[in-house]
Every structure is written in structure tokens, then in C-alpha cells.
>>> print(open('my_file38.pdb').read())   # PDB, C-alpha atoms, pLDDT in the B column
MODEL        1
ATOM      1  CA  MET A   1      61.600  92.882 121.274  1.00 45.00           C
ATOM      2  CA  GLU A   2      61.915  89.205 122.103  1.00 58.00           C
ATOM      3  CA  ASN A   3      64.889  86.984 121.513  1.00 64.00           C
ATOM      4  CA  SER A   4      63.776  83.630 120.141  1.00 69.00           C
ATOM      5  CA  ASP A   5      66.977  81.808 121.154  1.00 71.00           C
ATOM      6  CA  PRO A   6      66.454  79.068 123.736  1.00 79.00           C
ATOM      7  CA  VAL A   7      68.101  79.384 127.130  1.00 82.00           C
ATOM      8  CA  GLU A   8      70.480  76.493 126.389  1.00 83.00           C
ATOM      9  CA  PHE A   9      71.805  78.370 123.363  1.00 83.00           C
ATOM     10  CA  ARG A  10      72.501  81.452 125.460  1.00 87.00           C
ATOM     11  CA  ILE A  11      74.197  79.429 128.192  1.00 90.00           C
ATOM     12  CA  GLY A  12      76.401  77.753 125.583  1.00 90.00           C
ATOM     13  CA  ILE A  13      77.420  81.130 124.153  1.00 91.00           C
ATOM     14  CA  PHE A  14      78.206  82.363 127.671  1.00 94.00           C
ATOM     15  CA  PHE A  15      80.545  79.441 128.289  1.00 95.00           C
ATOM     16  CA  TYR A  16      82.189  80.004 124.894  1.00 95.00           C
ATOM     17  CA  LEU A  17      82.878  83.625 125.820  1.00 96.00           C
ATOM     18  CA  ILE A  18      84.312  82.764 129.245  1.00 96.00           C
ATOM     19  CA  SER A  19      86.412  80.083 127.541  1.00 96.00           C
ATOM     20  CA  ALA A  20      87.776  82.696 125.137  1.00 96.00           C
ATOM     21  CA  VAL A  21      88.704  84.976 128.056  1.00 95.00           C
ATOM     22  CA  ALA A  22      90.559  82.131 129.777  1.00 95.00           C
ATOM     23  CA  LEU A  23      92.367  81.357 126.525  1.00 94.00           C
ATOM     24  CA  VAL A  24      93.430  85.008 126.178  1.00 95.00           C
ATOM     25  CA  LEU A  25      94.733  84.903 129.749  1.00 94.00           C
ATOM     26  CA  PHE A  26      96.742  81.790 128.910  1.00 93.00           C
ATOM     27  CA  ILE A  27      98.207  83.439 125.808  1.00 93.00           C
ATOM     28  CA  ALA A  28      99.049  86.571 127.818  1.00 94.00           C
ATOM     29  CA  SER A  29     100.771  84.479 130.469  1.00 92.00           C
ATOM     30  CA  ASP A  30     102.735  82.717 127.734  1.00 89.00           C
ATOM     31  CA  PHE A  31     103.886  86.058 126.330  1.00 90.00           C
ATOM     32  CA  ALA A  32     105.025  86.968 129.840  1.00 89.00           C
ATOM     33  CA  GLU A  33     107.230  83.843 129.681  1.00 87.00           C
ATOM     34  CA  LYS A  34     105.467  82.263 132.645  1.00 89.00           C
ATOM     35  CA  ALA A  35     102.841  80.022 131.074  1.00 85.00           C
ATOM     36  CA  GLU A  36      99.935  79.212 133.369  1.00 87.00           C
ATOM     37  CA  PHE A  37      98.487  76.001 131.960  1.00 89.00           C
ATOM     38  CA  ASP A  38      95.578  76.205 134.392  1.00 91.00           C
ATOM     39  CA  TYR A  39      94.045  78.855 132.130  1.00 90.00           C
ATOM     40  CA  LEU A  40      94.373  76.549 129.143  1.00 92.00           C
ATOM     41  CA  PHE A  41      92.709  73.646 130.925  1.00 95.00           C
ATOM     42  CA  VAL A  42      89.932  75.869 132.279  1.00 94.00           C
ATOM     43  CA  SER A  43      89.395  77.179 128.759  1.00 95.00           C
ATOM     44  CA  LEU A  44      89.118  73.661 127.349  1.00 95.00           C
ATOM     45  CA  VAL A  45      86.681  72.560 130.060  1.00 96.00           C
ATOM     46  CA  LEU A  46      84.485  75.637 129.611  1.00 95.00           C
ATOM     47  CA  PHE A  47      84.523  75.181 125.843  1.00 94.00           C
ATOM     48  CA  GLY A  48      83.371  71.586 126.335  1.00 95.00           C
ATOM     49  CA  ILE A  49      80.545  72.697 128.608  1.00 94.00           C
ATOM     50  CA  GLY A  50      79.504  75.332 126.063  1.00 93.00           C
ATOM     51  CA  TRP A  51      79.538  72.738 123.289  1.00 92.00           C
ATOM     52  CA  PHE A  52      77.422  70.418 125.461  1.00 91.00           C
ATOM     53  CA  PHE A  53      74.734  73.082 125.781  1.00 88.00           C
ATOM     54  CA  ARG A  54      74.900  74.156 122.137  1.00 85.00           C
ATOM     55  CA  ARG A  55      74.632  70.643 120.696  1.00 83.00           C
ATOM     56  CA  LYS A  56      71.138  70.216 122.158  1.00 73.00           C
ATOM     57  CA  ILE A  57      69.768  72.879 119.841  1.00 73.00           C
ATOM     58  CA  PRO A  58      68.213  71.461 116.648  1.00 71.00           C
ATOM     59  CA  PRO A  59      69.473  72.963 113.380  1.00 70.00           C
ATOM     60  CA  PRO A  60      67.331  75.740 111.907  1.00 68.00           C
ATOM     61  CA  GLN A  61      64.723  74.873 109.328  1.00 73.00           C
ATOM     62  CA  ARG A  62      65.875  74.908 105.739  1.00 71.00           C
ATOM     63  CA  VAL A  63      64.772  78.032 103.924  1.00 69.00           C
ATOM     64  CA  GLU A  64      63.808  77.695 100.278  1.00 70.00           C
ATOM     65  CA  ARG A  65      64.562  81.233  99.126  1.00 72.00           C
ATOM     66  CA  PHE A  66      65.135  80.564  95.473  1.00 70.00           C
ATOM     67  CA  ILE A  67      62.918  77.531  94.976  1.00 73.00           C
ATOM     68  CA  TYR A  68      61.555  78.725  91.625  1.00 74.00           C
ATOM     69  CA  ALA A  69      64.999  79.641  90.288  1.00 72.00           C
ATOM     70  CA  LYS A  70      66.374  76.260  91.362  1.00 70.00           C
ATOM     71  CA  ARG A  71      63.553  74.473  89.585  1.00 73.00           C
ATOM     72  CA  PHE A  72      63.997  76.555  86.431  1.00 72.00           C
ATOM     73  CA  PHE A  73      67.765  76.237  86.203  1.00 73.00           C
ATOM     74  CA  GLY A  74      67.696  72.623  87.342  1.00 70.00           C
ATOM     75  CA  ASP A  75      65.398  71.738  84.454  1.00 66.00           C
ATOM     76  CA  MET A  76      67.623  73.673  82.043  1.00 67.00           C
ATOM     77  CA  ILE A  77      70.744  71.870  83.204  1.00 66.00           C
ATOM     78  CA  LYS A  78      69.068  68.476  82.821  1.00 66.00           C
ATOM     79  CA  LYS A  79      68.150  69.310  79.224  1.00 67.00           C
ATOM     80  CA  ILE A  80      71.728  70.165  78.171  1.00 68.00           C
ATOM     81  CA  PRO A  81      73.202  67.263  76.221  1.00 68.00           C
ATOM     82  CA  THR A  82      76.440  65.850  77.546  1.00 68.00           C
ATOM     83  CA  LYS A  83      79.375  64.918  75.352  1.00 65.00           C
ATOM     84  CA  LYS A  84      80.164  61.240  75.086  1.00 64.00           C
ATOM     85  CA  LYS A  85      83.697  60.102  74.408  1.00 59.00           C
TER      86      LYS A  85
ENDMDL
END
>>> encode(input="my_file38.pdb", output="C-alpha cells")
Amino acid sequence: MENSDPVEFRIGIFFYLISAVALVLFIASDFAEKAEFDYLFVSLVLFGIGWFFRRKIPPPQRVERFIYAKRFFGDMIKKIPTKKK
């Protein structure tokens, strides 16, 4: 079983997850009424790094699942007369 995701995608997801943990720590420290803003800044930096790695990945190819249905209904819609005022 192979995973077809590129390494950059996986690294980006890893940084997103670590960013989420740091954000949870910041929220927990805020609930404890002693807000540690270092966790917030670390979370933002890690999120930025994760975004940097994820943006390199090209979007997936467009899948034409219902190409015949789109053609059929598209032709039908074009044939419907429109009301003119």
C-alpha cells in the first residue's frame, strides 16, 4: 500500500498539526488566566511554514465524472426558450 502524496504535502500537514497543538496550548493557557502569547506566535509561524510547503503542490486534475450528463442537460438547458420582457 503506497501513499501517493508527495513529501512536501506530508511535511506541510505535519506543521499544520504541530501548529494546532500550539494553538490548543495557547487557548488552555488563556483559560488558566495566564495567557502565554509565545504559543500563539509559535502556532502562527508553524502554520506559515506548513502553508509554504503545501502551496508547492499543484491542484489535482479535474475529474469529469458526469461528462455525458453535463452534455445532455447542458444541451437541454440551451434549448429552453427564455421569456423576454
>>> resolve_selection(input="my_file38.pdb", expression="the PyMOL selection byres ((chain A and resi 47-63) around 9)", output="PyMOL selection string")
chain A and resi 6+8-20+42-46+64-66
>>> atom_distance(input="my_file38.pdb", atom1="atom CA of A:Val24", atom2="atom CA of A:Val7")
26.0 Å
>>> atom_distance(input="my_file38.pdb", atom1="atom CA of A:Asp5", atom2="atom CA of A:Leu23")
26.0 Å
>>> build_atoms(input="my_file38.pdb", residues="stretch 51-70 of chain A", atoms="N, CA and C atoms", output="tab-separated table (two decimals), keeping the file's coordinate frame")
chain	number	residue	atom	x	y	z
A	51	TRP	N	79.91	73.62	124.40
A	51	TRP	CA	79.54	72.74	123.29
A	51	TRP	C	78.41	71.80	123.71
A	52	PHE	N	78.46	71.32	124.96
A	52	PHE	CA	77.42	70.42	125.46
A	52	PHE	C	76.06	71.10	125.42
A	53	PHE	N	76.01	72.37	125.81
A	53	PHE	CA	74.73	73.08	125.78
A	53	PHE	C	74.31	73.41	124.36
A	54	ARG	N	75.24	73.76	123.49
A	54	ARG	CA	74.90	74.16	122.14
A	54	ARG	C	74.47	72.97	121.28
A	55	ARG	N	74.95	71.78	121.56
A	55	ARG	CA	74.63	70.64	120.70
A	55	ARG	C	73.19	70.19	120.85
A	56	LYS	N	72.53	70.59	121.93
A	56	LYS	CA	71.14	70.22	122.16
A	56	LYS	C	70.18	70.96	121.23
A	57	ILE	N	70.63	72.04	120.66
A	57	ILE	CA	69.77	72.88	119.84
A	57	ILE	C	69.62	72.24	118.46
A	58	PRO	N	68.39	72.03	117.99
A	58	PRO	CA	68.21	71.46	116.65
A	58	PRO	C	68.63	72.48	115.59
A	59	PRO	N	69.09	72.02	114.43
A	59	PRO	CA	69.47	72.96	113.38
A	59	PRO	C	68.25	73.74	112.89
A	60	PRO	N	68.47	74.95	112.39
A	60	PRO	CA	67.33	75.74	111.91
A	60	PRO	C	66.69	75.08	110.69
A	61	GLN	N	65.43	75.43	110.47
A	61	GLN	CA	64.72	74.87	109.33
A	61	GLN	C	65.34	75.38	108.03
A	62	ARG	N	65.32	74.54	107.03
A	62	ARG	CA	65.88	74.91	105.74
A	62	ARG	C	64.95	75.91	105.06
A	63	VAL	N	65.55	76.98	104.57
A	63	VAL	CA	64.77	78.03	103.92
A	63	VAL	C	64.93	77.89	102.42
A	64	GLU	N	63.81	77.82	101.74
A	64	GLU	CA	63.81	77.69	100.28
A	64	GLU	C	63.60	79.09	99.69
A	65	ARG	N	64.67	79.87	99.63
A	65	ARG	CA	64.56	81.23	99.13
A	65	ARG	C	64.39	81.29	97.62
A	66	PHE	N	65.13	80.49	96.93
A	66	PHE	CA	65.14	80.56	95.47
A	66	PHE	C	64.57	79.28	94.88
A	67	ILE	N	63.46	78.82	95.40
A	67	ILE	CA	62.92	77.53	94.98
A	67	ILE	C	62.53	77.55	93.50
A	68	TYR	N	61.97	78.66	93.03
A	68	TYR	CA	61.56	78.72	91.62
A	68	TYR	C	62.77	78.80	90.70
A	69	ALA	N	63.79	79.55	91.10
A	69	ALA	CA	65.00	79.64	90.29
A	69	ALA	C	65.70	78.29	90.23
A	70	LYS	N	65.74	77.57	91.34
A	70	LYS	CA	66.37	76.26	91.36
A	70	LYS	C	65.64	75.29	90.45
